[in-house]
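my_file-v6.txt, holding compact mmCIF, C-alpha atoms:
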```txt
# COMPACT_ATOMS: atom_id res chain seq x y z
CA MET J 781 -119.60 35.03 -29.81
CA ASN J 782 -121.52 31.87 -28.85
CA SER J 783 -124.66 31.62 -26.76
CA ALA J 784 -122.76 30.41 -23.72
CA SER J 785 -120.71 33.59 -23.59
CA ASN J 786 -123.89 35.68 -24.16
CA THR J 787 -125.40 33.88 -21.25
CA SER J 788 -122.58 34.72 -18.97
CA ILE J 789 -122.57 38.39 -20.08
CA LEU J 790 -126.27 38.81 -19.27
CA ALA J 791 -125.86 36.95 -16.01
CA ARG J 792 -122.85 39.07 -15.14
CA ILE J 793 -124.71 42.31 -15.83
CA ALA J 794 -127.87 41.20 -14.06
CA TYR J 795 -126.25 39.95 -10.89
CA ILE J 796 -124.53 41.78 -8.10
CA GLY J 797 -123.51 39.01 -5.78
CA HIS J 798 -126.53 36.74 -5.72
CA VAL J 799 -129.03 39.59 -6.26
CA ASN J 800 -130.80 39.67 -9.63
CA ILE J 801 -130.86 43.44 -10.14
CA PHE J 802 -133.26 43.41 -13.12
CA ALA J 803 -135.88 41.35 -11.31
CA PHE J 804 -135.38 43.42 -8.17
CA ILE J 805 -135.97 46.68 -10.07
CA ALA J 806 -139.00 45.13 -11.83
CA GLY J 807 -140.43 44.13 -8.45
CA VAL J 808 -139.80 47.51 -6.82
CA VAL J 809 -141.28 49.46 -9.77
CA THR J 810 -144.32 47.18 -9.85
CA LEU J 811 -144.75 47.57 -6.10
CA TYR J 812 -144.48 51.34 -6.53
CA LEU J 813 -147.21 51.23 -9.19
CA VAL J 814 -149.41 49.22 -6.83
CA ILE J 815 -148.89 51.58 -3.89
CA GLN J 816 -149.21 54.71 -5.99
CA SER J 817 -152.33 53.41 -7.77
CA GLU J 818 -152.42 56.24 -10.30
CA GLU J 819 -153.60 55.88 -13.88
CA ILE J 820 -151.51 53.73 -16.20
CA ILE J 821 -153.53 54.24 -19.36
CA LEU J 822 -155.37 57.40 -20.29
CA LEU J 823 -157.70 57.64 -23.25
CA VAL J 824 -158.82 61.13 -24.17
CA SER J 825 -161.77 61.75 -26.46
CA ASN J 826 -160.86 63.48 -29.72
CA ILE J 827 -164.42 64.68 -30.22
CA VAL J 828 -166.13 65.39 -26.92
CA GLU J 829 -164.13 67.82 -24.85
CA GLY J 830 -163.49 66.59 -21.33
CA ASP J 831 -164.38 62.95 -22.00
CA TYR J 832 -161.80 60.39 -20.99
CA VAL J 833 -161.17 56.84 -19.84
CA SER J 834 -158.58 56.52 -17.11
CA ILE J 835 -157.33 53.04 -16.23
CA GLY J 836 -155.10 52.54 -13.24
CA LEU J 837 -154.42 50.12 -10.44
CA GLY J 838 -156.45 52.34 -8.11
CA ASN J 839 -159.60 52.72 -10.12
CA VAL J 840 -161.11 53.10 -13.56
CA ASP J 841 -162.76 56.43 -14.36
CA ILE J 842 -164.96 56.83 -17.39
CA SER J 843 -166.36 60.19 -18.33
CA LEU J 844 -168.74 59.80 -21.22
CA PHE J 845 -170.49 62.80 -22.74
CA GLY J 846 -169.73 64.79 -19.62
CA ARG J 847 -171.12 62.26 -17.19
CA SER J 848 -169.49 59.65 -15.04
CA ILE J 849 -170.08 56.06 -16.09
CA GLU J 850 -169.50 52.97 -13.99
CA VAL J 851 -168.94 49.45 -15.21
CA PRO J 852 -169.03 47.05 -12.22
CA ILE J 853 -166.71 44.45 -13.75
CA LEU J 854 -164.00 47.08 -14.17
CA ASP J 855 -164.06 47.92 -10.45
CA TYR J 856 -163.49 44.27 -9.60
CA LEU J 857 -160.87 43.90 -12.35
CA VAL J 858 -158.97 46.74 -10.72
CA ILE J 859 -158.96 44.88 -7.39
CA SER J 860 -157.89 41.67 -9.19
CA SER J 861 -155.09 43.41 -11.01
CA LYS J 862 -153.92 45.25 -7.93
CA LEU J 863 -153.71 42.09 -5.82
CA SER J 864 -152.05 40.16 -8.66
CA TYR J 865 -149.48 42.90 -9.13
CA LEU J 866 -148.86 42.96 -5.41
CA VAL J 867 -148.19 39.21 -5.32
CA ALA J 868 -146.10 39.42 -8.50
CA SER J 869 -143.99 42.29 -7.19
CA ILE J 870 -143.32 40.61 -3.84
CA SER J 871 -142.46 37.39 -5.66
CA LEU J 872 -140.08 39.25 -7.99
CA ILE J 873 -138.36 41.00 -5.10
CA ALA J 874 -138.11 37.78 -3.06
CA GLY J 875 -136.93 35.85 -6.12
CA SER J 876 -134.27 38.42 -6.89
CA LEU J 877 -132.90 38.39 -3.33
CA VAL J 878 -133.04 34.71 -2.52
CA LYS J 879 -129.73 32.89 -2.74
CA ASP J 880 -131.07 29.54 -3.89
CA GLU J 881 -130.90 29.37 -7.72
CA GLU J 882 -133.75 26.95 -8.15
CA LEU J 883 -136.08 28.91 -5.91
CA SER J 884 -135.04 32.20 -7.49
CA LYS J 885 -135.75 30.81 -10.95
CA GLY J 886 -139.15 29.60 -9.80
CA LEU J 887 -140.13 32.89 -8.20
CA ILE J 888 -138.95 35.14 -11.02
CA GLY J 889 -139.45 32.83 -13.96
CA PHE J 890 -143.21 32.70 -14.27
CA LYS J 891 -144.00 36.26 -13.30
CA LEU J 892 -143.68 37.91 -16.66
CA PRO J 893 -146.52 36.09 -18.46
CA SER J 894 -148.77 36.86 -15.53
CA MET J 895 -147.93 40.55 -15.51
CA THR J 896 -148.10 41.06 -19.23
CA GLY J 897 -151.23 38.97 -19.36
CA LEU J 898 -152.89 41.09 -16.72
CA ILE J 899 -152.13 44.34 -18.47
CA LEU J 900 -153.38 42.97 -21.77
CA ALA J 901 -156.42 41.38 -20.18
CA VAL J 902 -157.50 44.66 -18.59
CA ILE J 903 -156.99 46.66 -21.77
CA ALA J 904 -158.54 44.01 -24.01
CA LEU J 905 -161.58 43.62 -21.79
CA ILE J 906 -162.28 47.32 -21.71
CA VAL J 907 -161.71 47.82 -25.40
CA MET J 908 -163.62 44.72 -26.41
CA TYR J 909 -166.43 45.64 -24.09
CA LEU J 910 -166.78 49.09 -25.51
CA GLY J 911 -166.67 47.58 -28.98
CA GLY J 912 -163.67 49.63 -29.87
CA ILE J 913 -160.97 49.19 -32.42
CA ILE J 914 -157.39 50.19 -31.69
CA ASN J 915 -155.41 51.87 -34.41
CA PRO J 916 -151.80 51.39 -33.32
CA ILE J 917 -150.44 53.76 -35.97
CA ASN J 918 -151.98 56.91 -34.57
CA ASN J 919 -152.61 55.63 -31.03
CA GLU J 920 -156.34 55.90 -31.47
CA VAL J 921 -159.16 53.83 -30.13
CA SER J 922 -162.44 54.07 -31.94
CA VAL J 923 -165.45 53.33 -29.79
CA VAL J 924 -168.85 52.86 -31.38
CA PHE J 925 -171.88 54.09 -29.45
CA THR J 926 -175.43 53.29 -30.44
CA PHE J 927 -178.28 55.72 -30.00
CA ASN J 928 -181.96 55.27 -30.50
CA ILE J 929 -183.34 58.33 -32.28
CA ALA J 930 -187.03 58.34 -33.12
CA GLY J 931 -187.10 54.56 -33.23
CA GLN J 932 -184.02 54.29 -35.42
CA VAL J 933 -180.73 52.97 -34.12
CA TYR J 934 -177.63 54.91 -35.10
CA SER J 935 -174.05 53.81 -34.55
CA ILE J 936 -171.73 56.70 -33.91
CA PRO J 937 -168.00 56.10 -33.68
CA ILE J 938 -166.04 58.32 -31.33
CA SER J 939 -162.28 58.20 -31.36
CA TYR J 940 -160.05 58.38 -28.33
CA SER J 941 -156.34 59.14 -28.25
CA LEU J 942 -154.09 57.03 -26.14
CA ARG J 943 -152.13 59.36 -23.85
CA PRO J 944 -149.26 57.59 -22.17
CA THR J 945 -148.54 58.72 -18.63
CA ILE J 946 -145.31 58.33 -16.68
CA ASN J 947 -146.88 55.18 -15.21
CA THR J 948 -147.37 53.72 -18.70
CA TYR J 949 -143.64 53.94 -19.23
CA LEU J 950 -142.95 52.62 -15.73
CA ALA J 951 -145.22 49.61 -16.40
CA LEU J 952 -143.43 48.93 -19.69
CA PHE J 953 -140.08 49.42 -18.01
CA SER J 954 -140.93 47.00 -15.19
CA ASN J 955 -141.99 44.43 -17.76
CA LEU J 956 -138.76 44.87 -19.68
CA MET J 957 -136.79 44.50 -16.46
CA ALA J 958 -138.79 41.39 -15.61
CA ILE J 959 -137.97 39.91 -19.04
CA LEU J 960 -134.27 40.56 -18.56
CA GLY J 961 -134.38 39.31 -14.98
CA ARG J 962 -136.12 36.18 -16.11
CA LEU J 963 -133.62 35.53 -18.91
CA ALA J 964 -130.75 36.18 -16.55
CA VAL J 965 -131.94 33.83 -13.85
CA LYS J 966 -132.71 31.14 -16.40
CA ASN J 967 -129.31 31.46 -18.05
CA ARG J 968 -127.49 31.61 -14.77
CA ALA J 969 -129.31 28.51 -13.56
CA ASN J 970 -128.40 26.70 -16.79
CA TYR J 971 -124.83 27.93 -16.50
CA ILE J 972 -124.53 26.70 -12.91
CA GLU J 973 -126.14 23.40 -13.91
CA LYS J 974 -123.56 23.00 -16.67
CA ILE J 975 -120.71 23.74 -14.27
CA ARG J 976 -122.15 21.20 -11.87
CA GLU J 977 -122.32 18.60 -14.62
CA ILE J 978 -118.73 19.32 -15.62
CA SER J 979 -117.56 19.12 -12.00
CA ILE J 980 -119.37 15.84 -11.48
CA SER J 981 -117.99 14.36 -14.69
CA MET J 982 -114.47 15.39 -13.64
CA TYR J 983 -114.78 13.45 -10.41
CA LEU J 984 -116.46 10.42 -11.94
CA PRO J 985 -114.19 7.32 -11.84
CA ILE J 986 -113.08 6.24 -15.32
CA MET X 89 -140.52 21.78 2.57
CA ASN X 90 -139.66 21.12 -1.05
CA LYS X 91 -138.36 24.36 -2.56
CA SER X 92 -140.09 23.82 -5.88
CA ILE X 93 -143.46 23.95 -4.15
CA ILE X 94 -143.04 27.65 -3.22
CA PRO X 95 -143.19 29.01 -6.82
CA LYS X 96 -146.18 26.76 -7.46
CA LEU X 97 -147.91 28.10 -4.39
CA VAL X 98 -147.15 31.68 -5.45
CA ASN X 99 -148.52 30.94 -8.90
CA LEU X 100 -151.66 29.47 -7.36
CA LEU X 101 -151.99 32.49 -5.10
CA LEU X 102 -151.67 34.74 -8.14
CA ILE X 103 -154.51 32.95 -9.89
CA ILE X 104 -156.66 32.99 -6.75
CA VAL X 105 -156.19 36.71 -6.07
CA PHE X 106 -157.02 37.48 -9.68
CA ILE X 107 -160.15 35.35 -9.93
CA SER X 108 -161.58 35.79 -6.42
CA PRO X 109 -162.60 39.47 -6.70
CA LEU X 110 -164.30 38.77 -10.03
CA ILE X 111 -166.25 35.85 -8.59
CA TYR X 112 -167.13 37.91 -5.53
CA GLY X 113 -168.27 40.75 -7.77
CA LEU X 114 -170.44 38.41 -9.78
CA TYR X 115 -171.91 37.09 -6.51
CA GLN X 116 -172.64 40.67 -5.42
CA TYR X 117 -174.63 41.10 -8.63
CA ASP X 118 -176.58 37.88 -8.05
CA TRP X 119 -174.65 36.10 -10.82
CA ASP X 120 -176.28 38.42 -13.33
CA LEU X 121 -173.56 38.72 -15.96
CA ASN X 122 -175.41 41.39 -17.92
CA ARG X 123 -175.63 43.67 -14.89
CA PHE X 124 -172.04 42.91 -14.00
CA ILE X 125 -170.62 43.91 -17.35
CA GLY X 126 -173.19 46.60 -18.10
CA PHE X 127 -172.81 50.37 -17.97
CA ARG X 128 -174.17 52.08 -14.88
CA GLY X 129 -174.98 55.73 -15.20
CA ALA X 130 -177.51 58.16 -16.54
CA GLU X 131 -178.65 57.31 -20.03
CA VAL X 132 -177.47 59.59 -22.82
CA ASN X 133 -180.44 60.95 -24.74
CA VAL X 134 -180.37 62.34 -28.23
CA ASP X 135 -183.53 64.04 -29.38
CA LEU X 136 -185.12 67.18 -30.78
CA SER X 137 -188.55 68.53 -29.96
CA TYR X 138 -190.66 70.60 -32.34
CA ARG X 139 -193.30 73.18 -31.51
CA VAL X 140 -195.30 75.40 -33.84
CA SER X 141 -195.07 78.78 -32.17
CA ARG X 142 -197.02 80.74 -34.78
CA VAL X 143 -198.92 80.21 -38.03
CA TYR X 144 -199.69 83.09 -40.33
CA THR X 145 -200.28 83.84 -43.96
CA ASP X 146 -199.05 86.32 -46.44
CA ASP X 147 -200.25 86.88 -49.99
CA SER X 148 -199.15 83.57 -51.36
CA SER X 149 -198.19 81.27 -48.54
CA VAL X 150 -198.74 79.87 -45.10
CA ILE X 151 -195.83 80.38 -42.79
CA PHE X 152 -195.11 78.15 -39.82
CA SER X 153 -192.75 79.43 -37.17
CA LEU X 154 -191.28 76.21 -35.89
CA GLU X 155 -189.29 76.08 -32.70
CA ILE X 156 -186.71 73.29 -32.65
CA ARG X 157 -185.30 72.48 -29.24
CA ASN X 158 -182.45 70.15 -28.39
CA ILE X 159 -183.88 68.08 -25.54
CA GLY X 160 -181.00 65.61 -25.57
CA ASP X 161 -177.57 65.60 -24.01
CA LEU X 162 -175.40 66.00 -27.07
CA PRO X 163 -174.87 68.94 -29.40
CA ILE X 164 -176.57 68.50 -32.75
CA ASN X 165 -175.51 70.16 -35.96
CA LEU X 166 -178.64 70.97 -37.94
CA LEU X 167 -178.16 70.91 -41.70
CA LYS X 168 -181.58 70.92 -43.26
CA LEU X 169 -185.23 70.83 -42.35
CA GLU X 170 -187.64 69.02 -44.65
CA ALA X 171 -191.34 69.60 -44.13
CA SER X 172 -194.52 68.37 -45.65
CA LEU X 173 -197.83 70.09 -44.91
CA ASN X 174 -201.31 68.72 -45.21
CA ALA X 175 -203.74 71.48 -44.29
CA THR X 176 -207.30 72.70 -44.50
CA LEU X 177 -207.94 76.44 -44.67
CA ASP X 178 -211.21 77.80 -43.39
CA MET X 179 -212.54 74.23 -43.25
CA GLN X 180 -212.90 74.31 -47.05
CA VAL X 181 -209.65 74.49 -48.96
CA HIS X 182 -207.49 71.40 -48.64
CA PHE X 183 -203.95 71.50 -49.84
CA THR X 184 -200.60 69.81 -49.48
CA SER X 185 -197.27 71.44 -49.87
CA LYS X 186 -193.62 70.70 -49.27
CA THR X 187 -190.74 72.91 -48.36
CA GLU X 188 -187.16 72.79 -47.21
CA TYR X 189 -185.09 75.02 -45.03
CA THR X 190 -181.32 74.80 -45.31
CA PHE X 191 -179.08 75.97 -42.51
CA LYS X 192 -176.18 77.63 -44.21
CA ASP X 193 -172.96 76.07 -42.84
CA GLY X 194 -175.08 74.14 -40.36
CA TYR X 195 -176.49 75.30 -37.07
CA ASN X 196 -174.97 73.84 -33.96
CA ILE X 197 -177.69 73.49 -31.39
CA GLN X 198 -176.51 72.80 -27.86
CA PRO X 199 -178.52 70.82 -25.30
CA ASN X 200 -181.49 72.87 -24.02
CA ASP X 201 -180.99 75.47 -26.73
CA SER X 202 -183.58 76.18 -29.37
CA VAL X 203 -183.88 77.80 -32.76
CA VAL X 204 -186.95 79.17 -34.55
CA VAL X 205 -187.31 78.54 -38.25
CA ASP X 206 -189.94 79.98 -40.58
CA LEU X 207 -191.25 77.35 -42.95
CA LYS X 208 -192.99 78.87 -45.93
CA PHE X 209 -195.59 76.77 -47.79
CA SER X 210 -196.89 78.12 -51.05
CA ILE X 211 -200.71 78.23 -51.38
CA THR X 212 -201.10 80.43 -54.44
CA PRO X 213 -202.40 77.83 -56.89
CA ILE X 214 -205.04 76.62 -54.47
CA ALA X 215 -206.04 79.79 -52.83
CA GLY X 216 -207.67 81.07 -55.98
CA ALA X 217 -209.83 84.07 -55.61
CA LYS X 218 -209.94 84.21 -51.86
CA PRO X 219 -207.49 86.86 -50.69
CA TYR X 220 -207.07 85.65 -47.10
CA PHE X 221 -208.00 82.92 -44.67
CA THR X 222 -209.06 83.01 -41.07
CA SER X 223 -208.38 79.47 -39.77
CA ILE X 224 -206.27 76.41 -40.42
CA GLU X 225 -206.22 72.73 -39.49
CA TYR X 226 -202.89 71.11 -40.28
CA ARG X 227 -200.76 68.01 -40.18
CA LEU X 228 -197.10 68.94 -40.46
CA GLU X 229 -194.46 66.27 -41.05
CA VAL X 230 -190.99 67.53 -40.30
CA ASN X 231 -187.63 65.89 -40.57
CA SER X 232 -184.40 67.47 -39.42
CA VAL X 233 -181.34 66.28 -41.27
CA ALA X 234 -178.46 66.73 -38.89
CA GLU X 235 -175.08 65.51 -37.75
CA ILE X 236 -173.85 64.25 -34.41
CA PHE X 237 -170.07 64.28 -34.24
CA ASP X 238 -170.00 64.35 -38.06
CA ASN X 239 -172.32 61.36 -38.34
CA PRO X 240 -175.56 61.86 -40.27
CA VAL X 241 -178.78 61.42 -38.33
CA SER X 242 -182.36 62.51 -38.83
CA PHE X 243 -185.14 63.50 -36.48
CA PRO X 244 -188.60 62.97 -37.97
CA SER X 245 -191.77 64.09 -36.24
CA VAL X 246 -195.43 64.83 -36.94
CA LEU X 247 -197.22 67.88 -35.60
CA GLU X 248 -200.98 68.32 -35.74
CA GLY X 249 -203.01 71.33 -34.76
CA GLY X 250 -205.18 74.14 -35.84
CA GLY X 251 -206.62 77.51 -34.99
CA PRO X 252 -207.16 81.03 -36.22
CA LEU X 253 -204.68 82.59 -38.57
```
Could you write out this file's structure as structure tokens?
Amino acid sequence: MNSASNTSILARIAYIGHVNIFAFIAGVVTLYLVIQSEEIILLVSNIVEGDYVSIGLGNVDISLFGRSIEVPILDYLVISSKLSYLVASISLIAGSLVKDEELSKGLIGFKLPSMTGLILAVIALIVMYLGGIINPINNEVSVVFTFNIAGQVYSIPISYSLRPTINTYLALFSNLMAILGRLAVKNRANYIEKIREISISMYLPI
Amino acid sequence: MNKSIIPKLVNLLLIIVFISPLIYGLYQYDWDLNRFIGFRGAEVNVDLSYRVSRVYTDDSSVIFSLEIRNIGDLPINLLKLEASLNATLDMQVHFTSKTEYTFKDGYNIQPNDSVVVDLKFSITPIAGAKPYFTSIEYRLEVNSVAEIFDNPVSFPSVLEGGGPL
């Protein structure tokens, strides 16, 4: 099976009429995540009972040694992410519904890097800030805290387990849908372009 | 309007909505990056306090009842207490002595909790003929060897005092 036929298969699956279903679903799920604003990532302390870090599009909650901690930049990052997701989701929905191929490609095409980038940026910033190290094998994040005890500074690592929530899966799912939607719109646009070229060449005077 | 401009505008909007709140936040914190990225909340303290609650002697030693209190916010697992005593008995007999107290299996001391430990310092070789003493001046150096979340830490301190035995 060549790439051209693959292209048409993906495009055929992704499109119902002129609607890019994958991008539409990605947009709707993302919009749902924005409206719902519940936690997407939950880190639970393996050592201190009741300590957690909850990261969502609504807010970031950090409970450290039984007390609530605020990091101003995280509050503003939440607003940034929420607005970006809102724009991205509307763009995805509009791009999936619009009939014009070029416009649809433009609206859907660039959304994925932005979305993935935002998720990674938020996670990376928090983890980097806390000086943590992620162990992807056991889903653990090790965060090093420093304490001054009798004039001596001690570094104490505390590990957190990554607990995926339903929203974690929804975020991953929306990204996957956005990837497929993006591939589909790109391939369909190329496919239509090819057909156009063929049609033009057929009518060209010899 | 050129159709290709719409995705570009959306992309620009995306960048603006992402950056604007961060810039506004930084402005709210008077462009102080350290405050902006810093933790805000009550500081977590880790510390032990020591208090000599009683000093007494028996035939061959001076015994210090030492109260150890967790005045921090985290539980501390006490493993061992090392102590060094520099004392003067009845303003005449100077002596130094060392001792250790080991907490079998550790002693987990919660915040605001305390534990009393009897530290026994031998005085037999110095005491000589005098069977008992009536007063003491001391300088007691203590060091608790402990663990916080399985990480070794130590809490040194110096206690000075005196009085009747």
Two-atom distance - CA of Val233 in chain X, CA of Glu188 in chain X (Å):
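CA of Val233 in chain X sits 10.6 Å away from CA of Glu188 in chain X.
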Contact residues around Val840 in chain J with all atoms listed in the file at 7 Å, ignoring same-chain residues under 2 positions, as JSON, numbers by chain
{"J": [834, 835, 836, 842, 854, 855]}
Any chance you can output those residues with C-alpha atoms as a CSV table (one decimal), keeping the file's coordinate frame?
```
chain,number,residue,atom,x,y,z
J,834,SER,CA,-158.6,56.5,-17.1
J,835,ILE,CA,-157.3,53.0,-16.2
J,836,GLY,CA,-155.1,52.5,-13.2
J,842,ILE,CA,-165.0,56.8,-17.4
J,854,LEU,CA,-164.0,47.1,-14.2
J,855,ASP,CA,-164.1,47.9,-10.4
```
Taking all atoms listed in the file into account and nothing else, which residues of chain J lie no more than 9 Å away from chain X? Please answer as JSON, numbers by chain.
{"J": [827, 828, 844, 845, 847, 848, 849, 850, 851, 852, 853, 854, 855, 856, 857, 859, 860, 861, 862, 863, 864, 865, 867, 868, 871, 882, 883, 884, 885, 886, 887, 888, 889, 890, 891, 894, 898, 909, 927, 928, 929, 930, 934, 935, 936, 937, 938]}
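By only C-alpha atoms, and with residues fewer than 4 positions from Glu248 in chain X along its chain excluded, the set lying at most 9 Å from it is Glu225, Tyr226, Arg227, Leu228 and Glu229 of chain X.
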CA of Asp841 in chain J to CA of Asn122 in chain X, distance in Å rounded to a single decimal
20.0 Å
d(CA of Gly961 in chain J, CA of Ile978 in chain J) in Å
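A separation of 25.4 Å between them.
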Considering only C-alpha atoms, can you say which of X:Val246, X:Asn200, X:Gly251, X:Gln180 comes closest to Tyr138 in chain X?
X:Val246
Box for range 960-964 of chain J: with edges along x, y and z, all listed atoms inside and 3 Å added on each side, what are the centre and edge lengths in Å to one decimal, as AutoDock Vina command-line options?
```
--center_x -133.4 --center_y 38.0 --center_z -16.9 --size_x 11.4 --size_y 11.0 --size_z 9.9
```
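In terms of minimum interatomic distance to Ser137 in chain X, X:Asn158 ranks closest within X:Ser223, X:Asn158, X:Thr176, X:Asn231, counting all atoms listed in the file.
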So that I can check the surroundings of Phe804 in chain J, please list as a ChimeraX atom specification every protein, DNA and RNA residue that reaches within 9 Å of it, counting only C-alpha atoms and ignoring chain neighbours fewer than 6 positions away.
/J:869,872-877,957-958,961
Could you list, as a PDB file with C-alpha atoms, in the coordinates of the input, every residue within 10 Å of Ala969 in chain J, counting all atoms listed in the file and ignoring same-chain residues fewer than 3 positions away?
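So result-v8.pdb came out as:
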```
ATOM      1  CA  ALA J 791    -125.860  36.950 -16.010  1.00  0.00           C
ATOM      2  CA  ASP J 880    -131.070  29.540  -3.890  1.00  0.00           C
ATOM      3  CA  GLU J 881    -130.900  29.370  -7.720  1.00  0.00           C
ATOM      4  CA  GLU J 882    -133.750  26.950  -8.150  1.00  0.00           C
ATOM      5  CA  SER J 884    -135.040  32.200  -7.490  1.00  0.00           C
ATOM      6  CA  LYS J 885    -135.750  30.810 -10.950  1.00  0.00           C
ATOM      7  CA  LEU J 963    -133.620  35.530 -18.910  1.00  0.00           C
ATOM      8  CA  ALA J 964    -130.750  36.180 -16.550  1.00  0.00           C
ATOM      9  CA  VAL J 965    -131.940  33.830 -13.850  1.00  0.00           C
ATOM     10  CA  LYS J 966    -132.710  31.140 -16.400  1.00  0.00           C
ATOM     11  CA  ILE J 972    -124.530  26.700 -12.910  1.00  0.00           C
ATOM     12  CA  GLU J 973    -126.140  23.400 -13.910  1.00  0.00           C
ATOM     13  CA  LYS J 974    -123.560  23.000 -16.670  1.00  0.00           C
ATOM     14  CA  ILE J 975    -120.710  23.740 -14.270  1.00  0.00           C
TER      15      ILE J 975
END
```
List the residues sitting within 10 Å of (-204.6, 76.0, -41.6) in the file's frame, using all atoms listed in the file, as an NGL selection string.
:X and (143-145 or 150-152 or 173-179 or 181-183 or 221-227 or 249-253)
Radius query 10 Å about (-143.9, 49.0, -10.7), atoms used: all atoms listed in the file, as a CSV table (one decimal) with C-alpha atoms, in the frame of the given file:
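New file point_2.csv:
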```csv
chain,number,residue,atom,x,y,z
J,805,ILE,CA,-136.0,46.7,-10.1
J,806,ALA,CA,-139.0,45.1,-11.8
J,807,GLY,CA,-140.4,44.1,-8.4
J,808,VAL,CA,-139.8,47.5,-6.8
J,809,VAL,CA,-141.3,49.5,-9.8
J,810,THR,CA,-144.3,47.2,-9.8
J,811,LEU,CA,-144.8,47.6,-6.1
J,812,TYR,CA,-144.5,51.3,-6.5
J,813,LEU,CA,-147.2,51.2,-9.2
J,814,VAL,CA,-149.4,49.2,-6.8
J,815,ILE,CA,-148.9,51.6,-3.9
J,816,GLN,CA,-149.2,54.7,-6.0
J,817,SER,CA,-152.3,53.4,-7.8
J,865,TYR,CA,-149.5,42.9,-9.1
J,866,LEU,CA,-148.9,43.0,-5.4
J,869,SER,CA,-144.0,42.3,-7.2
J,947,ASN,CA,-146.9,55.2,-15.2
J,948,THR,CA,-147.4,53.7,-18.7
J,949,TYR,CA,-143.6,53.9,-19.2
J,950,LEU,CA,-143.0,52.6,-15.7
J,951,ALA,CA,-145.2,49.6,-16.4
J,952,LEU,CA,-143.4,48.9,-19.7
J,953,PHE,CA,-140.1,49.4,-18.0
J,954,SER,CA,-140.9,47.0,-15.2
J,955,ASN,CA,-142.0,44.4,-17.8
```
Among listed residues X:Leu247, X:Val205, X:Ile164, X:Ile156, nearest Thr190 in chain X (using only C-alpha atoms):
X:Val205
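Neighbouring residues of Leu823 in chain J at 9 Å or closer, counting only C-alpha atoms and skipping chain neighbours under 3 positions away, are J:Asp831, J:Tyr832, J:Val833, J:Ser834, J:Ile835, J:Glu920, J:Val921, J:Tyr940, J:Ser941, J:Leu942, J:Arg943, J:Pro944.
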